[in-house]
Structure formats: C-alpha cells, structure tokens
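Below: the structure, in structure tokens.
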Amino acid sequence: MPPTLASLVHHSALKLTVRAGEDRLDVPVRWAHVSELADPVPYMEGGELLLITALKLDAEDPEAMRRYVRRLAGAGVVGLGFAIGVNYEETPKALVDAAGEEGLPLLEVPRRTPFLAISKAVSAAIAADQYRAVTAGFAAQRELTRQAHTGGPEGLLSALASQVDGWAALYDASGAVVATAPEWAGRRAARLTGDVERLRERPAPASSVVGGPENEDRVELHTIGTGRRPRAALAVGTAAALGTAERYAVHSAIALLTLTTERSRSLQAAEQRVGAAVLRMLLAGEPDHARTVAGSLYGALLDAPFRMLVAERVPVSASAALTRAEARAGAPAVDRPSAAALAAADTGGDPLAALADVMESAAARAGEAVLVVPEGERLVVLAADRGAAAAACGEYAAALETARAGTREKAPGGEEAELVVGLSAPAGPIAASSAYKQAEQALSVARRRGRVLVEHEQMAAGSVLPLLADDAVRAFADGMLRPLYEHDATGRGDLVASLRAWLSRHGQWDAAAADLGVHRHTLRYRMRRVEEILGRSLDDADARMELWLALKATTTEPAPSAKP
C-alpha cells in the first residue's frame, strides 16, 4: 500500500511528533513537498505532505494561520510538517490550534531531521509500493494466463474476480452475457446490457465506468478485440476504484481475452479455406470427401440436418416494396425481433460481415458448428437446422425488416447497401446441391419482393402469383393482351372480361356466360374473336395457362399503342 502519515510517524529514523489531526493519519501521501511561499496552493495537486519552516509566515498570528491552514486543506494537502529549531524553537500555538480546528494533521519535525530525509522516505515507500504492485501484477498475469489455458474464458474470469476482490462478466459481440464469475454476478451483468450496447457504438478500443458509491458496486466496461467492431466486452465490478495491482490484472485479462476471442488472420483464413473446400465438395456431390476434410471442425454440422443460406448485398434502390399481389397472397408477417437482434441491426456497416458475426456469436454460445464462406459480394452459410445460428439469422432479418419498414422506398442511385437472404429447406450432405439451388431461388424471390429473408418453405406453401411481380413478366403479359385491350377500346366487345370469366370457369360456357350476363352463343363468338386476334387456340393447355397468368400479372389496362 502507498505511504501514509501514520507510516511516516512510525518511521524510527524521522522522529516525527503529531501535534494535531491524530485521527487522520491513515491518509495516503502522494508526495512530500517543501515550500516557504505564503500561498503555495497554486502549485499543489492534492495528496501532498507540505514541509515548512514558516520563513515567510507569521506563525504566531491566529487569524493568519486559520486562513493559511484553511487554504491548504481546501487544496487537498493531507498534512503539514513544521520544522522546529530553525525560525521557531517550538511549534507555534496559533498553528497548532488552526490545524486542530481544520482537522489537518500537523507533524513536528525535529532539527536533526532534514526535509530531504522525509522526501526520501516518501519516495522510497512509493517506489516500494509500485514494485509490489508490479510484482503482484505479474503474478496475476501468470495466474490469469494459466487459467485461460486450462479453464478457458470461464477460468480466466474466476481468476480475475479473485484478483480484484469483485466480479467479472464477458459479453459477446451482440451484447449478450456469455459467462460470469462468481455465478451470483449473472443478474448484475445482465442489467448492464444497455451500457455494453452503448459502449459498442464508440470507436474501439473503448471503456467506461458505471455505478459508483451510491450503487451496489463500481463497474468498469472494456471492449475486447482489435478490429473496428468489438468482438466482445468485459465488465469488472468492485466496491471501490481499482488499485495499481488490480489495474494490471484487468489489463492482462483484456489482452488474454483478446487473444482468446480474436483469432489470428492466418488461422481465420485457413478455416475459411477449409470451409470453402467442404462446401465445394458438397456441391459437387462428394459428401464422403467433404466429411473427411471437415474433420472435427465442421464434422458435427454434417451429421445432422442443416440449412443452406445464401446472402448478398443489393443497392437500396433495387429493393422494392411488397407488391399488391403479395398483399393479396398474404405475405408472411415478420415476428417482433429480440432486443439483441435490434441492437445488431446496424445498417452503417458491412451487412454480410454483420450477419456472419451474429450467426457465429450465436453458434459459439450454443456450442454448435457453423460454416461461413465469403464469396465476394455473397455469403454462403451452413447452419444446423433449428440451431442457434439459424434462429439468430431469422431474428437479425426481422430486426432489419422492422428498422427499414418506414424507409423501404429509396431514391434511385442510393449507395447504401441492404442485405438479402435466401434460406433452403432442411437437407443433408447428399442433398447439398439441391439445398443450394433452393437458397438461390429463395434469394431471387427476396430480391424481387424487397424482403430481407425468404425461406424456401414459404415459396412452396404460398401462392405462385407473387412471383409474377416482376417487370419482365408484366411486360410479357402486357404485350400478349394488348391486342385484346385495343379491340375493347373501340367499343366492339369486352373480350378481356369474357376471356377472364371463361378461364376462371374452366371453359364452362353456361357458367361463364351467366357471370357475364350474356348468352352462351355470344360468349362463344367472343372466344373465337380472341383466338383470331391472338392467333392462339384456346384448346391448347399451354395457351390457356399463359393467358391466365398474363391476366393475373396485369393489374391495370395497358395504354393503347400510338396509331400512325
């Protein structure tokens, strides 16, 4: 511990005598300073033992001494050392009384004790305290390293909590609590999720202090990681501010956790190469070779049903709002996302990297494998069906849907990038190629619909009509039906309505004629005119299908072509 006034009084070589402030001798001394100025306060920082001989002071003037001592105490001076046998043979009563009234410790320094001896004693004690702190810090670092090696992050947190006589907690990239030590600190750590999320918004590395004397503990928060986006966060709770040794322990824990959570670039690149090789073998129909290459890294993922995910960046301007056809077909509603997913839905960064972080963090918490393969502007992921990573992807997509609900229509030419994701049905290694095609099909639908995520099951369970919400399909439909609309515009019949009624009644003349309110012979005549104008036979099933889809894809009558 640092030197105190009490330790100086008990120093046998100094022979100091206490004249006032006996109850405040346990105050730490930051430095011993000599000054004969009538007002040394401007040169004080607080925590000093001021040594004087009263060369320029009237130490026998009670009022002058009250003012002098009051200013010293207000400046944070912790004690006053008065040398006798120089200007005064004994400590003046006015100074003793003033120090007693103010509660400022007053130490009498005998003539045979030079001020330099006191300064050396304080300096030596401070150096010894710093040496003990450094030694304790190195010991703590060794213990933390041993625990990190044998017990992982949980063992490291336990050692850190013991070193600081408090508690510690580790948060992942999404702000969720990963581990705490001791176990009872879990509730306290969970209450700081909001503070951790705010800390992640600041440039890394970042730290903050929450709580304090009025709360149950003082908590320091530190981001973990070397990149722009923190990989994790550390919370350290103590009853008081950290000392030098405790500070060494915290800094050592941050370094070790950074090494634990931040993989080296070479290792990350190697894992990505292995993942890419496994993916290529699966798509090439070589599941046995893929299992061999996957080994223990991804082997567990191939032993159970997985889902294939394909994600890519698209310009905001290319994301369209839900069409009226989707609304009629009942597009699936987006569930309300969790708070953690909302916090992760930061559109300011790389959307593919953010999605990868969310899924990898969820998989790490659940102890499951996830295969992530970046492919330029795309990201391909294999995640366990019904696993934590797949669920995190759904929550993240829901968060993005909610965050962008009011700003989905963007001006053309915007540079902001959005995330679009296609998710396959559950599959195994043998069906990996089919799962990849399903994910790409779902991705294509998501891109056309302006959705963040579309699952392949949604496509199969819903209607085919929303798939017609495409400019190319509408152009084809308009071109096919334009001759009929132009004919109807002359007032010579209602061929479009007649064709729609006839097709909807599956070619039943009487029922379709009743819907139109005309005689069946009139309807037969109109259908012959349709065949003549279009040059298509309504007996052809393909022709009937194409006409029906064209009618469904065309929501408004196209403008008639210009006449020469």
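Chain labels A, B, ... are given in the sequence in which chains occur in the structure tokens; within each chain residues are numbered consecutively from 1, and ligands are likewise numbered from 1 in the order shown.
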Range 206-246 of chain A: which residues are strand (DSSP E or B) by DSSP, as a CSV table (one decimal) with N, CA, C and O atoms, in the first residue's frame?
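The result, written out as part-v5.csv:
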```
chain,number,residue,atom,x,y,z
A,207,SER,N,-13.8,2.2,-23.3
A,207,SER,CA,-14.0,1.8,-21.9
A,207,SER,C,-14.9,2.9,-21.3
A,207,SER,O,-15.0,4.0,-21.7
A,208,SER,N,-15.6,2.5,-20.2
A,208,SER,CA,-16.4,3.4,-19.5
A,208,SER,C,-16.6,2.9,-18.0
A,208,SER,O,-16.3,1.7,-17.8
A,209,VAL,N,-17.1,3.7,-17.2
A,209,VAL,CA,-17.3,3.4,-15.8
A,209,VAL,C,-18.8,3.7,-15.5
A,209,VAL,O,-19.3,4.8,-15.7
A,210,VAL,N,-19.5,2.7,-14.9
A,210,VAL,CA,-20.9,2.9,-14.5
A,210,VAL,C,-21.0,2.6,-13.0
A,210,VAL,O,-20.2,1.8,-12.5
A,211,GLY,N,-22.0,3.1,-12.4
A,211,GLY,CA,-22.2,2.8,-11.0
A,211,GLY,C,-21.3,3.8,-10.2
A,211,GLY,O,-20.8,4.8,-10.6
A,218,ARG,N,-19.0,-0.5,-8.3
A,218,ARG,CA,-18.5,0.3,-9.4
A,218,ARG,C,-18.0,-0.7,-10.4
A,218,ARG,O,-17.3,-1.6,-10.2
A,219,VAL,N,-18.5,-0.4,-11.7
A,219,VAL,CA,-18.2,-1.3,-12.8
A,219,VAL,C,-17.5,-0.6,-13.9
A,219,VAL,O,-17.9,0.4,-14.3
A,220,GLU,N,-16.4,-1.3,-14.3
A,220,GLU,CA,-15.6,-0.8,-15.5
A,220,GLU,C,-16.0,-1.7,-16.7
A,220,GLU,O,-16.1,-2.9,-16.5
A,221,LEU,N,-16.3,-1.1,-17.8
A,221,LEU,CA,-16.6,-1.8,-19.0
A,221,LEU,C,-15.5,-1.6,-20.1
A,221,LEU,O,-15.0,-0.4,-20.2
A,222,HIS,N,-15.0,-2.6,-20.7
A,222,HIS,CA,-14.0,-2.5,-21.7
A,222,HIS,C,-14.3,-3.4,-22.9
A,222,HIS,O,-14.8,-4.5,-22.8
A,223,THR,N,-14.1,-2.8,-24.1
A,223,THR,CA,-14.3,-3.6,-25.4
A,223,THR,C,-13.1,-4.5,-25.6
A,223,THR,O,-12.0,-4.3,-25.2
A,224,ILE,N,-13.4,-5.7,-26.2
A,224,ILE,CA,-12.4,-6.7,-26.4
A,224,ILE,C,-12.3,-6.9,-27.9
A,224,ILE,O,-13.3,-7.1,-28.6
A,232,ALA,N,-16.1,-8.6,-28.3
A,232,ALA,CA,-16.7,-8.9,-27.0
A,232,ALA,C,-16.5,-7.7,-26.1
A,232,ALA,O,-16.0,-6.7,-26.5
A,233,ALA,N,-17.0,-7.8,-24.9
A,233,ALA,CA,-16.8,-6.8,-23.9
A,233,ALA,C,-16.6,-7.4,-22.5
A,233,ALA,O,-17.1,-8.5,-22.2
A,234,LEU,N,-15.8,-6.8,-21.6
A,234,LEU,CA,-15.5,-7.2,-20.3
A,234,LEU,C,-16.1,-6.3,-19.3
A,234,LEU,O,-15.9,-5.0,-19.4
A,235,ALA,N,-16.7,-6.8,-18.3
A,235,ALA,CA,-17.2,-5.9,-17.1
A,235,ALA,C,-16.5,-6.4,-15.9
A,235,ALA,O,-16.4,-7.6,-15.6
A,236,VAL,N,-16.0,-5.4,-15.1
A,236,VAL,CA,-15.4,-5.7,-13.8
A,236,VAL,C,-16.0,-4.9,-12.7
A,236,VAL,O,-16.0,-3.7,-12.8
A,237,GLY,N,-16.6,-5.6,-11.8
A,237,GLY,CA,-17.3,-4.9,-10.7
A,237,GLY,C,-16.6,-5.0,-9.4
A,237,GLY,O,-16.2,-6.1,-9.0
A,238,THR,N,-16.4,-3.8,-8.7
A,238,THR,CA,-15.6,-3.8,-7.4
A,238,THR,C,-16.3,-2.8,-6.5
A,238,THR,O,-17.1,-2.0,-6.9
```
Need the shell around Leu8 in chain A: protein/DNA/RNA residues with any atom at most 10 Å away, counting only C-alpha atoms. Skip same-chain ones fewer than 3 positions apart. Format as a compact mmCIF listing (two decimals) with all heavy atoms, in the first residue's frame?
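File around09.txt, as written:
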```
# COMPACT_ATOMS: atom_id res chain seq x y z
N PRO A 3 2.52 4.99 1.04
CA PRO A 3 2.85 5.51 2.38
C PRO A 3 1.72 6.38 2.91
O PRO A 3 0.99 7.04 2.16
CB PRO A 3 4.12 6.34 2.12
CG PRO A 3 4.02 6.74 0.68
CD PRO A 3 3.38 5.57 -0.01
N THR A 4 1.58 6.37 4.22
CA THR A 4 0.59 7.22 4.90
C THR A 4 1.31 8.08 5.93
O THR A 4 2.50 7.87 6.23
CB THR A 4 -0.48 6.37 5.60
OG1 THR A 4 0.17 5.58 6.62
CG2 THR A 4 -1.19 5.45 4.61
N LEU A 5 0.59 9.06 6.47
CA LEU A 5 1.17 9.88 7.54
C LEU A 5 1.53 9.01 8.74
O LEU A 5 2.55 9.23 9.41
CB LEU A 5 0.19 10.97 7.93
CG LEU A 5 -0.10 12.04 6.86
CD1 LEU A 5 -1.18 13.00 7.35
CD2 LEU A 5 1.17 12.80 6.51
N HIS A 11 8.05 5.83 11.41
CA HIS A 11 9.40 5.63 10.84
C HIS A 11 10.42 6.02 11.91
O HIS A 11 10.51 7.19 12.31
CB HIS A 11 9.55 6.49 9.59
CG HIS A 11 10.72 6.13 8.74
ND1 HIS A 11 12.03 6.21 9.17
CD2 HIS A 11 10.79 5.66 7.45
CE1 HIS A 11 12.83 5.83 8.21
NE2 HIS A 11 12.11 5.49 7.15
N SER A 12 11.21 5.08 12.37
CA SER A 12 12.09 5.31 13.52
C SER A 12 13.17 6.36 13.25
O SER A 12 13.62 7.04 14.18
CB SER A 12 12.77 3.99 13.94
OG SER A 12 13.51 3.45 12.85
N ALA A 13 13.58 6.52 12.01
CA ALA A 13 14.67 7.46 11.72
C ALA A 13 14.18 8.90 11.61
O ALA A 13 15.00 9.83 11.72
CB ALA A 13 15.37 7.06 10.43
N LEU A 14 12.90 9.14 11.46
CA LEU A 14 12.41 10.50 11.23
C LEU A 14 12.08 11.25 12.52
O LEU A 14 12.16 12.48 12.58
CB LEU A 14 11.18 10.48 10.31
CG LEU A 14 11.42 9.89 8.91
CD1 LEU A 14 10.12 9.91 8.11
CD2 LEU A 14 12.52 10.65 8.17
N LYS A 15 11.65 10.52 13.53
CA LYS A 15 11.37 11.12 14.85
C LYS A 15 10.30 12.22 14.77
O LYS A 15 10.43 13.28 15.39
CB LYS A 15 12.66 11.70 15.47
CG LYS A 15 13.85 10.77 15.51
CD LYS A 15 13.59 9.57 16.41
CE LYS A 15 14.82 8.67 16.50
NZ LYS A 15 14.58 7.50 17.36
N LEU A 16 9.23 11.97 14.04
CA LEU A 16 8.17 12.98 13.90
C LEU A 16 7.21 12.89 15.07
O LEU A 16 6.95 11.80 15.61
CB LEU A 16 7.41 12.75 12.58
CG LEU A 16 8.26 12.77 11.29
CD1 LEU A 16 7.38 12.51 10.08
CD2 LEU A 16 8.99 14.10 11.15
N THR A 17 6.65 14.05 15.43
CA THR A 17 5.69 14.12 16.53
C THR A 17 4.38 14.71 16.02
O THR A 17 4.39 15.74 15.33
CB THR A 17 6.23 14.99 17.68
OG1 THR A 17 7.50 14.48 18.11
CG2 THR A 17 5.25 15.00 18.85
N LEU A 25 -4.41 10.22 10.32
CA LEU A 25 -3.06 9.83 9.93
C LEU A 25 -3.04 8.69 8.91
O LEU A 25 -1.97 8.35 8.38
CB LEU A 25 -2.26 9.42 11.17
CG LEU A 25 -2.04 10.52 12.22
CD1 LEU A 25 -1.23 9.96 13.39
CD2 LEU A 25 -1.33 11.73 11.61
N VAL A 29 -0.12 9.40 1.29
CA VAL A 29 0.69 10.55 0.90
C VAL A 29 1.22 10.33 -0.51
O VAL A 29 1.93 9.36 -0.77
CB VAL A 29 1.87 10.75 1.87
CG1 VAL A 29 2.74 11.93 1.43
CG2 VAL A 29 1.37 10.95 3.30
N LEU A 107 2.55 17.66 11.79
CA LEU A 107 3.67 16.88 12.27
C LEU A 107 4.84 17.80 12.60
O LEU A 107 5.24 18.63 11.78
CB LEU A 107 4.11 15.85 11.22
CG LEU A 107 3.02 14.94 10.64
CD1 LEU A 107 3.64 13.94 9.67
CD2 LEU A 107 2.28 14.21 11.76
N ILE A 118 12.72 13.17 4.89
CA ILE A 118 11.29 12.86 4.77
C ILE A 118 10.93 12.62 3.32
O ILE A 118 10.20 11.67 3.00
CB ILE A 118 10.45 14.02 5.37
CG1 ILE A 118 10.79 14.20 6.85
CG2 ILE A 118 8.97 13.76 5.17
CD1 ILE A 118 10.10 15.39 7.49
N ALA A 121 12.09 9.24 2.31
CA ALA A 121 11.27 8.19 2.91
C ALA A 121 9.96 8.01 2.13
O ALA A 121 9.51 6.88 1.87
CB ALA A 121 10.98 8.51 4.37
N VAL A 122 9.33 9.14 1.77
CA VAL A 122 8.08 9.07 0.99
C VAL A 122 8.36 8.45 -0.38
O VAL A 122 7.63 7.58 -0.86
CB VAL A 122 7.45 10.47 0.85
CG1 VAL A 122 6.30 10.43 -0.13
CG2 VAL A 122 7.00 10.97 2.21
N ALA A 125 8.99 4.72 -0.12
CA ALA A 125 7.76 3.98 0.15
C ALA A 125 6.89 3.88 -1.10
O ALA A 125 6.29 2.84 -1.38
CB ALA A 125 6.98 4.66 1.28
```
**Request:** Would you kindly return, as number ranges by chain, each protein, DNA or RNA residue with an atom no farther than 10 Å from any atom of Ala513 in chain A, considering only C-alpha atoms and excluding same-chain residues fewer than 4 positions away?
**Result:** A: 498, 501-502, 505, 508-509, 517-524
**Asked** Out of A:Ala435, A:Leu400, A:Leu106, A:Val380, which residue has the shortest atom-to-atom distance to Ala6 in chain A when counting only C-alpha atoms?
**Response**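 Among A:Ala435, A:Leu400, A:Leu106, A:Val380, it is A:Leu106 that comes nearest to Ala6 in chain A.
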**Point-to-point distance from CA of Leu72 in chain A to CA of Leu95 in chain A, Å rounded to tenths** =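 About the pair CA of Leu72 in chain A and CA of Leu95 in chain A: they are 12.5 Å apart.
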**Which of range 108-294 of chain A DSSP labels alpha helix (DSSP H), written as an MDAnalysis selection string** = chainID A and resid 115:164 186:190 193:200 244:261 265:283 287:294
**Message:** With only C-alpha atoms as the counted atoms, please give the residues lying no more than 9 Å from Leu37 in chain A, apart from itself and same-chain residues fewer than 6 positions off, as a ChimeraX atom specification.
**Reply:** /A:52,54-57
Would you export the selected residues with C-alpha atoms as a CSV table (one decimal), in the first residue's frame, please?
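Final output, saved to out.csv:
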```csv
chain,number,residue,atom,x,y,z
A,52,ILE,CA,7.7,24.4,6.0
A,54,ALA,CA,7.5,29.4,8.4
A,55,LEU,CA,10.2,31.6,6.9
A,56,LYS,CA,7.7,34.0,5.4
A,57,LEU,CA,4.7,33.4,7.7
```
**Asked** Near range 80-85 of chain A, counting only C-alpha atoms, which residues have an atom at most 10 Å away, once you skip same-chain residues fewer than 5 positions from it, shown as a PyMOL selection string?
**Response** chain A and resi 5+16-20+32-34+48-54+69+72-73+90-92+95+99+104-115+118
At a cut-off of 12 Å, using only C-alpha atoms, what residues contact Thr292 in chain A? Leave out same-chain residues fewer than 4 positions from it and give the result as an mmCIF file with all heavy atoms, in the first residue's frame.
```cif
data_model
loop_
_atom_site.group_PDB
_atom_site.id
_atom_site.type_symbol
_atom_site.label_atom_id
_atom_site.label_comp_id
_atom_site.auth_asym_id
_atom_site.auth_seq_id
_atom_site.Cartn_x
_atom_site.Cartn_y
_atom_site.Cartn_z
ATOM 1 N N VAL A 274 -10.723 -24.167 -45.487
ATOM 2 C CA VAL A 274 -11.283 -25.488 -45.214
ATOM 3 C C VAL A 274 -12.792 -25.482 -45.455
ATOM 4 O O VAL A 274 -13.347 -26.397 -46.074
ATOM 5 C CB VAL A 274 -10.965 -25.919 -43.767
ATOM 6 C CG1 VAL A 274 -11.713 -27.199 -43.415
ATOM 7 C CG2 VAL A 274 -9.469 -26.130 -43.581
ATOM 8 N N ALA A 277 -13.551 -25.470 -49.105
ATOM 9 C CA ALA A 277 -13.315 -26.788 -49.705
ATOM 10 C C ALA A 277 -14.452 -27.753 -49.378
ATOM 11 O O ALA A 277 -14.919 -28.509 -50.242
ATOM 12 C CB ALA A 277 -11.979 -27.343 -49.213
ATOM 13 N N VAL A 278 -14.897 -27.744 -48.134
ATOM 14 C CA VAL A 278 -16.024 -28.599 -47.742
ATOM 15 C C VAL A 278 -17.260 -28.252 -48.554
ATOM 16 O O VAL A 278 -17.977 -29.138 -49.047
ATOM 17 C CB VAL A 278 -16.299 -28.448 -46.229
ATOM 18 C CG1 VAL A 278 -17.593 -29.159 -45.849
ATOM 19 C CG2 VAL A 278 -15.142 -29.009 -45.419
ATOM 20 N N MET A 281 -16.999 -29.529 -52.178
ATOM 21 C CA MET A 281 -17.192 -30.981 -52.278
ATOM 22 C C MET A 281 -18.653 -31.359 -52.104
ATOM 23 O O MET A 281 -19.157 -32.257 -52.789
ATOM 24 C CB MET A 281 -16.329 -31.687 -51.219
ATOM 25 C CG MET A 281 -14.841 -31.573 -51.490
ATOM 26 S SD MET A 281 -13.841 -32.323 -50.186
ATOM 27 C CE MET A 281 -12.190 -31.927 -50.757
ATOM 28 N N LEU A 282 -19.343 -30.680 -51.191
ATOM 29 C CA LEU A 282 -20.766 -30.963 -51.008
ATOM 30 C C LEU A 282 -21.543 -30.635 -52.275
ATOM 31 O O LEU A 282 -22.400 -31.410 -52.722
ATOM 32 C CB LEU A 282 -21.317 -30.167 -49.826
ATOM 33 C CG LEU A 282 -20.873 -30.605 -48.427
ATOM 34 C CD1 LEU A 282 -21.393 -29.617 -47.386
ATOM 35 C CD2 LEU A 282 -21.385 -32.009 -48.115
ATOM 36 N N GLU A 286 -19.903 -34.910 -53.452
ATOM 37 C CA GLU A 286 -18.891 -35.757 -52.818
ATOM 38 C C GLU A 286 -18.979 -35.637 -51.302
ATOM 39 O O GLU A 286 -18.063 -35.120 -50.643
ATOM 40 C CB GLU A 286 -17.496 -35.361 -53.304
ATOM 41 C CG GLU A 286 -17.306 -35.459 -54.812
ATOM 42 C CD GLU A 286 -15.952 -34.962 -55.265
ATOM 43 O OE1 GLU A 286 -15.216 -34.398 -54.410
ATOM 44 O OE2 GLU A 286 -15.619 -35.121 -56.452
ATOM 45 N N PRO A 287 -20.075 -36.089 -50.688
ATOM 46 C CA PRO A 287 -20.250 -35.915 -49.237
ATOM 47 C C PRO A 287 -19.207 -36.661 -48.407
ATOM 48 O O PRO A 287 -18.816 -36.181 -47.344
ATOM 49 C CB PRO A 287 -21.660 -36.464 -48.998
ATOM 50 C CG PRO A 287 -21.924 -37.383 -50.147
ATOM 51 C CD PRO A 287 -21.220 -36.783 -51.315
ATOM 52 N N ASP A 288 -18.748 -37.831 -48.878
ATOM 53 C CA ASP A 288 -17.756 -38.584 -48.101
ATOM 54 C C ASP A 288 -16.437 -37.824 -48.025
ATOM 55 O O ASP A 288 -15.806 -37.743 -46.960
ATOM 56 C CB ASP A 288 -17.543 -39.958 -48.725
ATOM 57 C CG ASP A 288 -18.774 -40.844 -48.603
ATOM 58 O OD1 ASP A 288 -19.583 -40.579 -47.692
ATOM 59 O OD2 ASP A 288 -18.938 -41.769 -49.418
ATOM 60 N N SER A 296 -12.994 -32.564 -37.365
ATOM 61 C CA SER A 296 -13.681 -32.128 -36.149
ATOM 62 C C SER A 296 -14.154 -30.687 -36.233
ATOM 63 O O SER A 296 -14.947 -30.243 -35.406
ATOM 64 C CB SER A 296 -12.752 -32.269 -34.939
ATOM 65 O OG SER A 296 -11.580 -31.482 -35.119
ATOM 66 N N LEU A 297 -13.690 -29.946 -37.247
ATOM 67 C CA LEU A 297 -14.043 -28.535 -37.364
ATOM 68 C C LEU A 297 -15.498 -28.361 -37.768
ATOM 69 O O LEU A 297 -16.244 -27.572 -37.171
ATOM 70 C CB LEU A 297 -13.118 -27.858 -38.381
ATOM 71 C CG LEU A 297 -13.189 -26.328 -38.472
ATOM 72 C CD1 LEU A 297 -12.854 -25.696 -37.130
ATOM 73 C CD2 LEU A 297 -12.242 -25.831 -39.560
ATOM 74 N N TYR A 298 -15.932 -29.102 -38.796
ATOM 75 C CA TYR A 298 -17.309 -28.987 -39.289
ATOM 76 C C TYR A 298 -18.029 -30.333 -39.355
ATOM 77 O O TYR A 298 -19.157 -30.406 -39.852
ATOM 78 C CB TYR A 298 -17.313 -28.377 -40.697
ATOM 79 C CG TYR A 298 -16.701 -27.005 -40.778
ATOM 80 C CD1 TYR A 298 -15.534 -26.779 -41.503
ATOM 81 C CD2 TYR A 298 -17.285 -25.926 -40.127
ATOM 82 C CE1 TYR A 298 -14.959 -25.523 -41.576
ATOM 83 C CE2 TYR A 298 -16.720 -24.666 -40.191
ATOM 84 C CZ TYR A 298 -15.550 -24.472 -40.925
ATOM 85 O OH TYR A 298 -15.003 -23.224 -40.987
ATOM 86 N N GLY A 299 -17.369 -31.396 -38.864
ATOM 87 C CA GLY A 299 -17.963 -32.721 -38.979
ATOM 88 C C GLY A 299 -19.322 -32.842 -38.322
ATOM 89 O O GLY A 299 -20.255 -33.445 -38.875
ATOM 90 N N ALA A 300 -19.492 -32.236 -37.133
ATOM 91 C CA ALA A 300 -20.768 -32.335 -36.428
ATOM 92 C C ALA A 300 -21.897 -31.688 -37.216
ATOM 93 O O ALA A 300 -23.050 -32.116 -37.133
ATOM 94 C CB ALA A 300 -20.649 -31.683 -35.049
ATOM 95 N N LEU A 302 -22.292 -31.806 -40.398
ATOM 96 C CA LEU A 302 -22.729 -32.689 -41.489
ATOM 97 C C LEU A 302 -23.419 -33.949 -40.986
ATOM 98 O O LEU A 302 -23.909 -34.739 -41.798
ATOM 99 C CB LEU A 302 -21.519 -33.074 -42.349
ATOM 100 C CG LEU A 302 -20.699 -31.912 -42.934
ATOM 101 C CD1 LEU A 302 -19.600 -32.447 -43.825
ATOM 102 C CD2 LEU A 302 -21.596 -30.955 -43.696
#
```
**Request:** Skip Gly166 in chain A itself and residues of its chain fewer than 2 positions away, then list as a list of chain:residue names all residues within 10 Å of it, counting only C-alpha atoms.
**Result:**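 Contacts, in chain order: A:Ser158, A:Leu160, A:Ala161, A:Ser162, A:Gln163, A:Val164, A:Ala168, A:Ala181, A:Pro182, A:Ala185, A:Asp217, A:Arg218, A:Val219, A:Val236, A:Gly237, A:Thr238, A:Ala239, A:Ala240.
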**Prompt:** Using only C-alpha atoms, which residue out of A:Asp26, A:Leu279, A:Ile126, A:Ala38 lies closest to Val78 in chain A?
**Reply:** A:Asp26
**Request:** Grab the CA of Glu154 in chain A to CA of Leu170 in chain A distance for me, in Å with one decimal place.
**Result:**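 Interatomic distance here is 8.7 Å.
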**Item:** Minimum-distance residue to Gly493 in chain A, chosen among A:Arg67, A:His506, A:Lys120, A:Arg526 (using only C-alpha atoms)
**Value:**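 Result for the nearest residue to Gly493 in chain A: A:Arg526.
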**For Asp39 in chain A, the nearest of the candidates A:Ala304, A:Ile430, A:Leu484, A:Ala64, counting only C-alpha atoms** =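 When distances to Asp39 in chain A are compared using only C-alpha atoms, the smallest one comes from A:Ala64.
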